[in-house]
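One structure is given below, encoded as structure tokens.
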Amino acid sequence: MYFGYIKIKKRKLFKSFLFFILIIFLLPYMGCNNDYKIYSGREILLSFDPLYDYKEKDYFYLDQYVIIHQWEKGALPYKNDTIFIPPRKMIYDKSTNVVKREKTNYIFMSFILNDALKRINYNSDAKEKYKIISDQKLLVKGILTLEKCSGEKIKIKIPVGYPVNIEVIKK
């Protein structure tokens with residue numbers, strides 16, 4: 001009878017151990033997605049923070065596209081659905097004959113994103129096309145107002161701490 005008790009106890013201990021291991025391995029996949037803020041809507045206002053100094057490799061998602069602050073593809077294998085926005089722009093100083101890198105203006109970053117979305121519109125079917133609604137806001141304040149031509153919702157996924165202003169106008 002004593003040996004039967006030990007077998008049952010070992011079995012319970014083994015099951016508890018397996019459960020503990022299972023929880024340890026599944027824990028990273030079970031949590032909420034607290035690393036990102038997600039915005040979804042039919043019409044969205046998007047603008048970059050004018051005071052923030054964007055670094056290389058800062059990024060966010062616009063539907064299936066990755067918008068990353070980097071000069072170009074370089075040696076890293078990026079997919080075709082990657083949009084590059086330079087965090088700094090090159091300026092040639094004629095007086096000293098030196099090429100400098102300066103912080104990219106937030107309006108200029110909006111222009112680059114606008115141009116990239118126009119290229120996406122040119123190369124894709126009607127379902128994926130974006131309609132940029134207000135060009136005046138883009139020129140003056142660097143604000144993009146986006147809508148999909150198909151009427152579907154736009155999904156923007158932003159890492160916590162990434163400074164971009166998003167406002168959902170139409171849910």
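Letters A, B, ... go to the chains of the structure tokens in the order shown; residues in each chain start at 1; ligands are counted from 1 in the same order.
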
Would you mind listing what lies within 10 Å of stretch 111-115 of chain A as a VMD selection string, with only C-alpha atoms counted and same-chain residues fewer than 3 positions away left out? chain A and resid 67 83 to 86 105 to 108 118 to 121 130 132 135 138 to 139 142 to 146

Store the residues picked out above, limited to C-alpha atoms, as a compact mmCIF listing (two decimals), in the first residue's frame.
```
# COMPACT_ATOMS: atom_id res chain seq x y z
CA ILE A 67 7.56 51.73 -42.60
CA ILE A 83 8.83 51.57 -47.13
CA PHE A 84 12.04 53.40 -46.28
CA ILE A 85 11.97 56.85 -44.70
CA PRO A 86 15.40 58.38 -44.10
CA ASN A 105 11.94 67.33 -41.22
CA TYR A 106 8.66 65.70 -40.15
CA ILE A 107 6.89 67.22 -43.18
CA PHE A 108 9.53 65.72 -45.48
CA LYS A 118 1.32 56.65 -54.51
CA ARG A 119 3.82 54.07 -55.83
CA ILE A 120 1.83 51.33 -54.07
CA ASN A 121 -1.33 52.67 -55.73
CA TYR A 130 -4.94 54.19 -50.72
CA ILE A 132 -4.81 60.49 -49.76
CA ASP A 135 -3.02 67.56 -49.75
CA LEU A 138 0.30 67.51 -46.00
CA LEU A 139 1.91 70.65 -47.42
CA GLY A 142 2.78 67.09 -42.68
CA ILE A 143 -0.55 65.41 -41.92
CA LEU A 144 -1.61 62.50 -44.13
CA THR A 145 -5.30 61.67 -44.25
CA LEU A 146 -5.61 58.12 -45.55
```

Backbone-only DSSP, helix (DSSP H, G or I) members of stretch 62-151 of chain A, as a list in words: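 Residues of stretch 62-151 of chain A classed as helix (DSSP H, G or I): Tyr106, Ile107, Phe108, Met109, Ser110, Phe111, Ile112, Leu113, Asn114, Asp115, Ala116, Leu117, Lys118, Arg119, Ile120, Asn121, Tyr122, Asn123, Asp135, Gln136, Lys137, Leu138, Leu139, Val140 and Lys141 of chain A.
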
Shortest interatomic distance to A:Lys155 - which of A:Val168, A:Ile133, A:Met109, A:Ala116, counting only C-alpha atoms: A:Val168

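When atom CA of A:Phe60 is paired with atom CA of A:Pro159, their separation reads 6.5 Å.
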
To one decimal place, how far is atom CA of A:Asp53 from atom CA of A:Lys103 in Å? 6.8 Å

Residues flagged strand (DSSP E or B) by DSSP in stretch 85-114 of chain A, as a list in words: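 Of stretch 85-114 of chain A, only Ile85, Arg88, Lys89, Met90, Ile91, Tyr92, Asp93, Val98, Val99, Lys100, Arg101, Glu102 and Lys103 of chain A fall in strand (DSSP E or B).
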
Take the selection from the previous step and output its residues with N, CA and C atoms, as a short mmCIF file (atom, residue, chain, number, x, y, z; two decimals), in the first residue's frame.
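part-v8.cif written:
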```
data_model
loop_
_atom_site.label_atom_id
_atom_site.label_comp_id
_atom_site.auth_asym_id
_atom_site.auth_seq_id
_atom_site.Cartn_x
_atom_site.Cartn_y
_atom_site.Cartn_z
N ILE A 85 12.00 55.41 -44.95
CA ILE A 85 11.97 56.85 -44.70
C ILE A 85 13.30 57.21 -44.05
N ARG A 88 17.61 60.85 -41.44
CA ARG A 88 18.42 62.05 -41.62
C ARG A 88 18.57 62.30 -43.12
N LYS A 89 18.72 63.55 -43.50
CA LYS A 89 18.92 63.85 -44.91
C LYS A 89 20.33 64.37 -45.14
N MET A 90 20.84 64.13 -46.32
CA MET A 90 22.19 64.56 -46.67
C MET A 90 22.10 65.97 -47.24
N ILE A 91 22.96 66.83 -46.74
CA ILE A 91 23.01 68.21 -47.20
C ILE A 91 24.45 68.54 -47.58
N TYR A 92 24.60 69.10 -48.76
CA TYR A 92 25.93 69.48 -49.23
C TYR A 92 26.13 70.96 -48.90
N ASP A 93 27.13 71.23 -48.09
CA ASP A 93 27.47 72.60 -47.70
C ASP A 93 28.51 73.13 -48.69
N VAL A 98 31.53 70.13 -47.68
CA VAL A 98 31.34 68.98 -46.81
C VAL A 98 29.89 68.50 -46.93
N VAL A 99 29.73 67.18 -46.93
CA VAL A 99 28.39 66.60 -46.93
C VAL A 99 28.02 66.32 -45.47
N LYS A 100 26.89 66.86 -45.04
CA LYS A 100 26.44 66.69 -43.66
C LYS A 100 25.13 65.90 -43.66
N ARG A 101 24.88 65.28 -42.54
CA ARG A 101 23.58 64.63 -42.33
C ARG A 101 22.84 65.40 -41.27
N GLU A 102 21.65 65.85 -41.61
CA GLU A 102 20.82 66.58 -40.67
C GLU A 102 19.52 65.83 -40.44
N LYS A 103 18.89 66.16 -39.33
CA LYS A 103 17.61 65.56 -38.98
C LYS A 103 16.58 65.82 -40.08
#
```

Restricting to only C-alpha atoms, whichever of A:Asp63, A:Ser47, A:Asp81, A:Ser95 is closest to A:Pro163 is A:Ser47

What gap, in Å, lies between atom CA of A:Arg42 and atom CA of A:Lys57? 27.8 Å

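For A:Asn165, the set of protein, DNA and RNA residues having any atom at most 9 Å away, when counting only C-alpha atoms and skipping those fewer than 3 positions along the same chain, is Leu45, Leu46, Ser47, Phe48 and Asp49 of chain A.
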
Put those residues in a file: N, CA and C atoms, as an mmCIF file, in the first residue's frame.
```cif
data_model
loop_
_atom_site.group_PDB
_atom_site.id
_atom_site.type_symbol
_atom_site.label_atom_id
_atom_site.label_comp_id
_atom_site.auth_asym_id
_atom_site.auth_seq_id
_atom_site.Cartn_x
_atom_site.Cartn_y
_atom_site.Cartn_z
ATOM 1 N N LEU A 45 -5.912 59.817 -39.800
ATOM 2 C CA LEU A 45 -4.973 60.934 -39.877
ATOM 3 C C LEU A 45 -3.648 60.472 -39.297
ATOM 4 N N LEU A 46 -2.547 60.735 -40.001
ATOM 5 C CA LEU A 46 -1.229 60.292 -39.552
ATOM 6 C C LEU A 46 -0.241 61.448 -39.712
ATOM 7 N N SER A 47 0.533 61.721 -38.649
ATOM 8 C CA SER A 47 1.590 62.732 -38.743
ATOM 9 C C SER A 47 2.739 62.343 -37.825
ATOM 10 N N PHE A 48 3.947 62.719 -38.217
ATOM 11 C CA PHE A 48 5.139 62.442 -37.439
ATOM 12 C C PHE A 48 5.351 63.550 -36.415
ATOM 13 N N ASP A 49 5.977 63.194 -35.301
ATOM 14 C CA ASP A 49 6.252 64.146 -34.227
ATOM 15 C C ASP A 49 7.377 65.095 -34.659
#
```

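Using only C-alpha atoms, the residues found no farther than 12 Å from A:Tyr61, other than those of its own chain fewer than 4 positions away, are Tyr36, Lys37, Ile38, Tyr39, Ser40, Tyr65, Val66, Ile67, Ile68, His69, Asp81, Thr82, Ile83, Phe84, Ile154, Lys155, Ile156, Lys157, Ile158, Pro159, Tyr162 and Val164 of chain A.
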
Which of these residues is nearest to A:Cys149, using only C-alpha atoms: A:Glu128, A:Arg11, A:Leu51, A:Asn97?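 Among A:Glu128, A:Arg11, A:Leu51, A:Asn97, it is A:Glu128 that comes nearest to A:Cys149.
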